[in-house]
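Q: This is entry.txt (compact mmCIF, C-alpha atoms).
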```txt
# COMPACT_ATOMS: atom_id res chain seq x y z
CA VAL A 1 0.00 0.00 0.00
CA THR A 2 2.81 2.41 0.94
CA LYS A 3 4.59 1.76 -2.36
CA ILE A 4 1.38 2.44 -4.31
CA LEU A 5 0.81 5.72 -2.45
CA ALA A 6 4.44 6.67 -3.02
CA GLY A 7 4.02 6.00 -6.75
CA LEU A 8 1.03 8.35 -6.81
CA GLY A 9 3.02 11.02 -5.01
CA LEU A 10 0.79 10.78 -1.93
CA ALA A 11 3.44 9.39 0.41
CA SER A 12 7.20 8.91 0.59
CA LEU A 13 9.05 5.74 1.39
CA PRO A 14 11.35 5.84 4.43
CA GLN A 15 15.03 5.83 3.63
CA ARG A 16 16.70 2.53 4.35
CA GLY A 17 18.57 2.66 7.65
CA LYS A 18 17.33 6.17 8.44
CA ARG A 19 16.16 6.73 11.99
CA GLU A 20 12.69 8.15 12.47
CA LEU A 21 13.64 9.33 15.97
CA PRO A 22 16.93 9.44 17.93
CA TRP A 23 15.93 5.99 19.21
CA LYS A 24 14.15 3.04 17.58
CA ARG A 25 10.38 3.45 17.81
CA SER A 26 8.43 0.60 19.43
CA CYS A 27 6.08 -1.43 17.22
CA ALA A 28 3.42 -1.46 19.97
CA THR A 29 0.27 0.38 18.89
CA ARG A 30 -0.08 2.05 22.30
CA ARG A 31 3.34 3.73 21.86
CA GLN A 32 2.92 5.10 18.33
CA LYS A 33 2.62 8.71 19.51
CA GLU A 34 5.60 8.44 21.86
CA ASP A 35 8.36 10.74 20.64
CA VAL A 36 10.20 11.71 23.83
CA ARG A 37 12.33 9.53 26.10
CA PRO A 38 14.77 10.30 28.92
CA ILE A 39 18.35 10.00 27.67
CA PHE A 40 19.48 7.93 30.61
CA TRP A 41 17.59 4.98 29.09
CA ALA A 42 19.28 5.33 25.70
CA ASN A 43 21.49 2.28 26.19
CA ARG A 44 18.76 0.15 27.81
CA PRO A 45 15.78 0.24 25.41
CA TYR A 46 14.48 -3.22 26.29
CA SER A 47 14.52 -2.47 30.01
CA TYR A 48 12.75 0.84 29.39
CA LEU A 49 9.99 -0.83 27.37
CA SER A 50 9.49 -3.46 30.07
CA ARG A 51 9.47 -1.02 32.95
CA THR A 52 6.93 1.30 31.30
CA ILE A 53 4.65 -1.41 29.95
CA SER A 54 1.80 -0.48 32.33
CA TRP A 55 1.76 3.24 31.47
CA ASP A 56 -1.53 4.60 30.14
CA GLU A 57 0.17 7.46 28.27
CA PHE A 58 3.56 8.10 26.78
CA PRO A 59 5.27 11.50 26.42
CA ASN A 60 5.01 13.26 23.10
CA GLY A 61 6.24 16.71 22.10
CA ARG A 62 8.03 17.23 25.41
CA TRP A 63 8.56 15.17 28.56
CA GLY A 64 6.35 17.33 30.78
CA ASN A 65 5.53 16.43 34.36
CA SER A 66 7.08 13.04 35.02
CA THR A 67 5.09 12.75 38.28
CA SER A 68 1.81 12.58 36.35
CA PRO A 69 -0.14 9.46 37.38
CA ALA A 70 -0.75 8.72 33.69
CA TYR A 71 2.88 7.70 33.34
CA GLY A 72 2.63 5.16 36.16
CA GLU A 73 5.56 3.60 37.98
CA LEU A 74 8.84 2.34 36.60
CA TYR A 75 8.61 -1.35 37.39
CA ASP A 76 11.74 -2.99 38.73
CA TYR A 77 12.85 -4.92 35.64
CA HIS A 78 16.22 -3.19 35.51
CA LEU A 79 18.12 -6.49 35.67
CA MET A 80 16.03 -8.09 32.92
CA GLY A 81 18.90 -7.99 30.44
CA LEU A 82 21.08 -10.12 32.68
CA LYS A 83 18.63 -13.01 32.31
CA THR A 84 19.32 -13.27 28.58
CA THR A 85 22.87 -14.53 29.15
CA SER A 86 24.15 -17.37 31.30
CA ILE A 87 26.26 -16.85 34.40
CA ARG A 88 29.14 -18.51 32.59
CA ASP A 89 28.89 -16.08 29.66
CA ARG A 90 28.89 -13.12 32.02
CA GLN A 91 31.94 -14.50 33.82
CA ARG A 92 33.78 -14.75 30.50
CA MET A 93 32.95 -11.13 29.71
CA TRP A 94 33.48 -9.55 33.11
CA GLY A 95 35.83 -11.97 34.89
CA GLU A 96 35.43 -14.46 37.70
CA GLU A 97 37.52 -12.84 40.42
CA LEU A 98 37.70 -9.23 41.55
CA LYS A 99 41.15 -8.30 42.82
CA SER A 100 40.89 -4.51 42.96
CA GLU A 101 38.80 -1.49 41.97
CA GLN A 102 41.04 -1.13 38.94
CA ASP A 103 39.69 -4.46 37.64
CA VAL A 104 36.23 -2.85 37.49
CA PHE A 105 37.59 0.33 35.90
CA ASP A 106 39.37 -1.69 33.22
CA LYS A 107 36.23 -3.69 32.33
CA PHE A 108 34.28 -0.49 31.73
CA ALA A 109 37.14 0.73 29.53
CA ASP A 110 37.10 -2.61 27.67
CA TYR A 111 33.43 -2.05 26.83
CA ILE A 112 34.22 1.34 25.28
CA ASP A 113 37.11 -0.29 23.39
CA GLY A 114 34.80 -3.00 22.02
CA LYS A 115 36.57 -5.84 23.82
CA ILE A 116 33.35 -6.84 25.58
CA SER A 117 29.90 -6.48 24.04
CA ARG A 118 27.78 -5.29 26.95
CA LEU A 119 27.51 -4.15 30.55
CA PRO A 120 24.57 -4.56 32.95
CA TRP A 121 23.66 -0.94 32.14
CA CYS A 122 24.38 -1.10 28.40
CA GLU A 123 22.43 -3.65 26.36
CA THR A 124 24.23 -3.02 23.07
CA GLY A 125 27.64 -1.87 21.85
CA ILE A 126 28.62 1.79 21.56
CA LEU A 127 27.09 3.91 18.77
CA LEU A 128 28.99 5.40 15.83
CA GLU A 129 28.62 8.87 17.33
CA THR A 130 30.63 7.68 20.33
CA LEU A 131 33.75 6.80 18.31
CA PRO A 132 35.24 10.35 18.34
CA LEU A 133 34.93 10.28 22.14
CA LYS A 134 36.40 6.81 22.51
CA GLN A 135 39.85 7.66 23.89
CA LYS A 136 38.52 10.28 26.29
CA LEU A 137 35.87 7.87 27.56
CA MET A 138 38.43 5.10 28.03
CA ASN A 139 40.65 7.46 30.06
CA LEU A 140 37.69 8.48 32.23
CA ASN A 141 36.79 4.85 32.92
CA LYS A 142 40.34 3.82 33.74
CA ASN A 143 40.42 6.64 36.29
CA GLY A 144 37.23 5.70 38.11
CA PHE A 145 34.50 7.56 36.21
CA LEU A 146 32.50 4.57 35.00
CA THR A 147 30.53 5.81 32.01
CA ILE A 148 27.25 4.16 31.00
CA ASN A 149 25.87 6.77 28.60
CA SER A 150 27.20 9.72 26.60
CA GLN A 151 26.66 11.75 23.47
CA PRO A 152 28.76 14.38 21.65
CA ARG A 153 27.75 17.97 21.02
CA VAL A 154 25.99 18.42 17.66
CA ASN A 155 25.10 21.88 16.38
CA GLY A 156 22.79 21.86 13.38
CA ALA A 157 23.82 18.65 11.61
CA ARG A 158 21.64 17.72 8.65
CA SER A 159 18.90 15.24 9.44
CA ASP A 160 20.30 12.90 6.76
CA ASP A 161 23.74 12.77 8.42
CA LYS A 162 24.88 9.14 8.43
CA VAL A 163 26.02 9.22 12.07
CA VAL A 164 23.77 11.58 14.05
CA GLY A 165 20.91 12.20 11.61
CA TRP A 166 17.29 11.29 12.26
CA GLY A 167 13.78 12.47 11.39
CA GLY A 168 12.34 13.93 8.18
CA ALA A 169 14.13 15.33 5.15
CA ASN A 170 15.79 18.76 5.08
CA GLY A 171 15.84 19.04 8.87
CA TYR A 172 18.59 19.87 11.33
CA VAL A 173 19.42 18.04 14.54
CA TYR A 174 21.04 19.24 17.74
CA GLN A 175 22.58 17.60 20.78
CA LYS A 176 24.02 18.88 24.01
CA ALA A 177 27.16 17.12 25.18
CA TYR A 178 26.06 14.63 27.82
CA ILE A 179 27.70 12.01 30.00
CA GLU A 180 26.38 9.70 32.69
CA PHE A 181 28.60 7.68 35.00
CA PHE A 182 29.19 6.03 38.36
CA ALA A 183 31.84 7.61 40.59
CA SER A 184 32.90 7.69 44.22
CA ALA A 185 31.78 10.52 46.53
CA ASP A 186 35.32 11.94 46.56
CA ARG A 187 35.38 12.16 42.77
CA ILE A 188 31.95 13.81 42.70
CA ARG A 189 33.07 16.44 45.22
CA ALA A 190 36.13 17.18 43.09
CA LEU A 191 33.92 17.62 40.01
CA GLN A 192 31.55 19.87 41.93
CA LYS A 193 34.46 22.11 42.88
CA LEU A 194 35.57 22.34 39.23
CA ALA A 195 32.02 23.08 38.07
CA GLN A 196 32.00 26.23 40.20
CA LYS A 197 34.71 27.81 38.05
CA LYS A 198 33.66 30.45 35.54
CA GLU A 199 34.78 28.46 32.49
CA PHE A 200 32.25 25.75 33.40
CA GLU A 201 29.31 28.01 34.20
CA THR A 202 27.17 26.46 31.43
CA LEU A 203 27.65 22.95 32.84
CA SER A 204 24.60 21.33 34.44
CA TYR A 205 25.05 18.36 36.77
CA HIS A 206 22.87 16.12 38.87
CA ALA A 207 24.25 13.43 41.17
CA VAL A 208 22.39 10.97 43.41
CA ASN A 209 23.64 8.23 45.73
CA ALA A 210 22.11 4.93 46.80
CA LYS A 211 20.35 6.63 49.72
CA GLY A 212 18.63 9.09 47.41
CA ASP A 213 20.71 12.11 48.50
CA GLN A 214 20.95 14.51 45.57
CA LEU A 215 23.49 17.10 44.51
CA SER A 216 22.70 19.50 41.66
CA ASN A 217 23.22 23.02 40.36
CA TYR A 218 19.69 23.25 38.91
CA SER A 219 17.84 26.33 40.11
CA ASN A 220 14.56 24.45 39.58
CA GLN A 221 14.75 20.82 40.65
CA ASN A 222 11.60 20.00 38.63
CA SER A 223 12.87 21.51 35.38
CA VAL A 224 13.36 19.45 32.23
CA ASN A 225 16.68 19.71 30.36
CA ALA A 226 16.32 18.77 26.67
CA VAL A 227 19.57 17.33 25.33
CA THR A 228 18.48 16.14 21.85
CA TRP A 229 16.05 17.84 19.47
CA GLY A 230 15.45 18.52 15.80
CA VAL A 231 14.02 21.26 13.57
CA PHE A 232 12.13 20.17 10.45
CA PRO A 233 10.34 22.15 7.72
```
Take the structure from the file and write it as structure tokens.

A:
Amino acid sequence: VTKILAGLGLASLPQRGKRELPWKRSCATRRQKEDVRPIFWANRPYSYLSRTISWDEFPNGRWGNSTSPAYGELYDYHLMGLKTTSIRDRQRMWGEELKSEQDVFDKFADYIDGKISRLPWCETGILLETLPLKQKLMNLNKNGFLTINSQPRVNGARSDDKVVGWGGANGYVYQKAYIEFFASADRIRALQKLAQKKEFETLSYHAVNAKGDQLSNYSNQNSVNAVTWGVFP
């Protein structure tokens, strides 16, 4: 049907391999209008789909008020991905014996380097857009900043760009530089001190520990910070 409509000039066929959104849209009918997702789920799409399966509505246009009851709760399926591999396979990837913190740091660096295919927080390998950041990310991981998500700055790339492009024709896409990681309290305090310097005044950060204690420089704790968007004619 789509091909017939395209032949009549009433529709256009999607370009092969072209992304409709910055992430792969779900085939579920209930999610067809969903066009906004939090970036910290970018590397865990299957977990995100499972944990939001009971939602009555999905964000579109902008994220809005995440406390809305329509969005429901995030169900605790965050370890779902671990069930798809055997314990033995995970031991081969991540090792059987932990001798030091550096062993953990090195495994995270190995993931960035492509030596292992996944982490508990990353269901797939790194994206093409991550390759220019590869060495910097490896250095961060080897020094105790264990990255699980990142994206480079993009300022008005064409929507048909082979690496960062998405959406309709003749559009432009934008990204803020973003990084998400695990780190010790000492490292976070050191970063907070650096963030107070004038040259980093545009940097936004938000840290939270296992107890739920939060540290942020947001003036409005309920504000939404868009990090990926596009402009289309």

Q: Pick out the closest residue to Gly156 (chain A) from this set: A:Lys211, A:Lys176, A:His206, A:Arg88. Count all atoms listed in the file.

A: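 Answer, going by the shortest atom-to-atom distance: A:Lys176.
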
Q: Give me the residues near Asn217 (chain A) as a short mmCIF file (atom, residue, chain, number, x, y, z; two decimals) with C-alpha atoms, keeping the file's coordinate frame, where near means some atom within 7 Å (using only C-alpha atoms) and where sequence neighbours in that chain fewer than 2 positions away do not count.

A:
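To be explicit, this is the file written out as selection-v3.cif:
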```cif
data_model
loop_
_atom_site.label_atom_id
_atom_site.label_comp_id
_atom_site.auth_asym_id
_atom_site.auth_seq_id
_atom_site.Cartn_x
_atom_site.Cartn_y
_atom_site.Cartn_z
CA SER A 204 24.60 21.33 34.44
CA TYR A 205 25.05 18.36 36.77
CA SER A 219 17.84 26.33 40.11
#
```

Q: Choose the residue, out of A:Thr228, A:Asn143, A:Ser184, A:Gln135, that has the smallest atom-to-atom separation from Val208 (chain A); count all atoms listed in the file.

A: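 With all atoms listed in the file as the atom set, the closest residue is A:Ser184.
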
Q: Give me the residues within 12 Å of Arg92 (chain A) as JSON, numbers by chain, counting only C-alpha atoms and dropping any in the same chain fewer than 2 places off.

A: {"A": [85, 86, 87, 88, 89, 90, 94, 95, 96, 97, 107, 115, 116, 117, 118]}

Q: Considering all atoms listed in the file, state which residue in the set A:Ile188, A:Ala177, A:Leu98, A:Ala183 is at the smallest distance from Asn141 (chain A).

A: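 Checking each candidate against Asn141 (chain A), we get A:Ala183 as the closest.
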
Q: Could you please determine the separation between CA of Asn220 (chain A) and CA of Ile179 (chain A) in Å, to one decimal place?

A: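 Atom-to-atom, CA of Asn220 (chain A) and CA of Ile179 (chain A) are spaced 20.5 Å apart.
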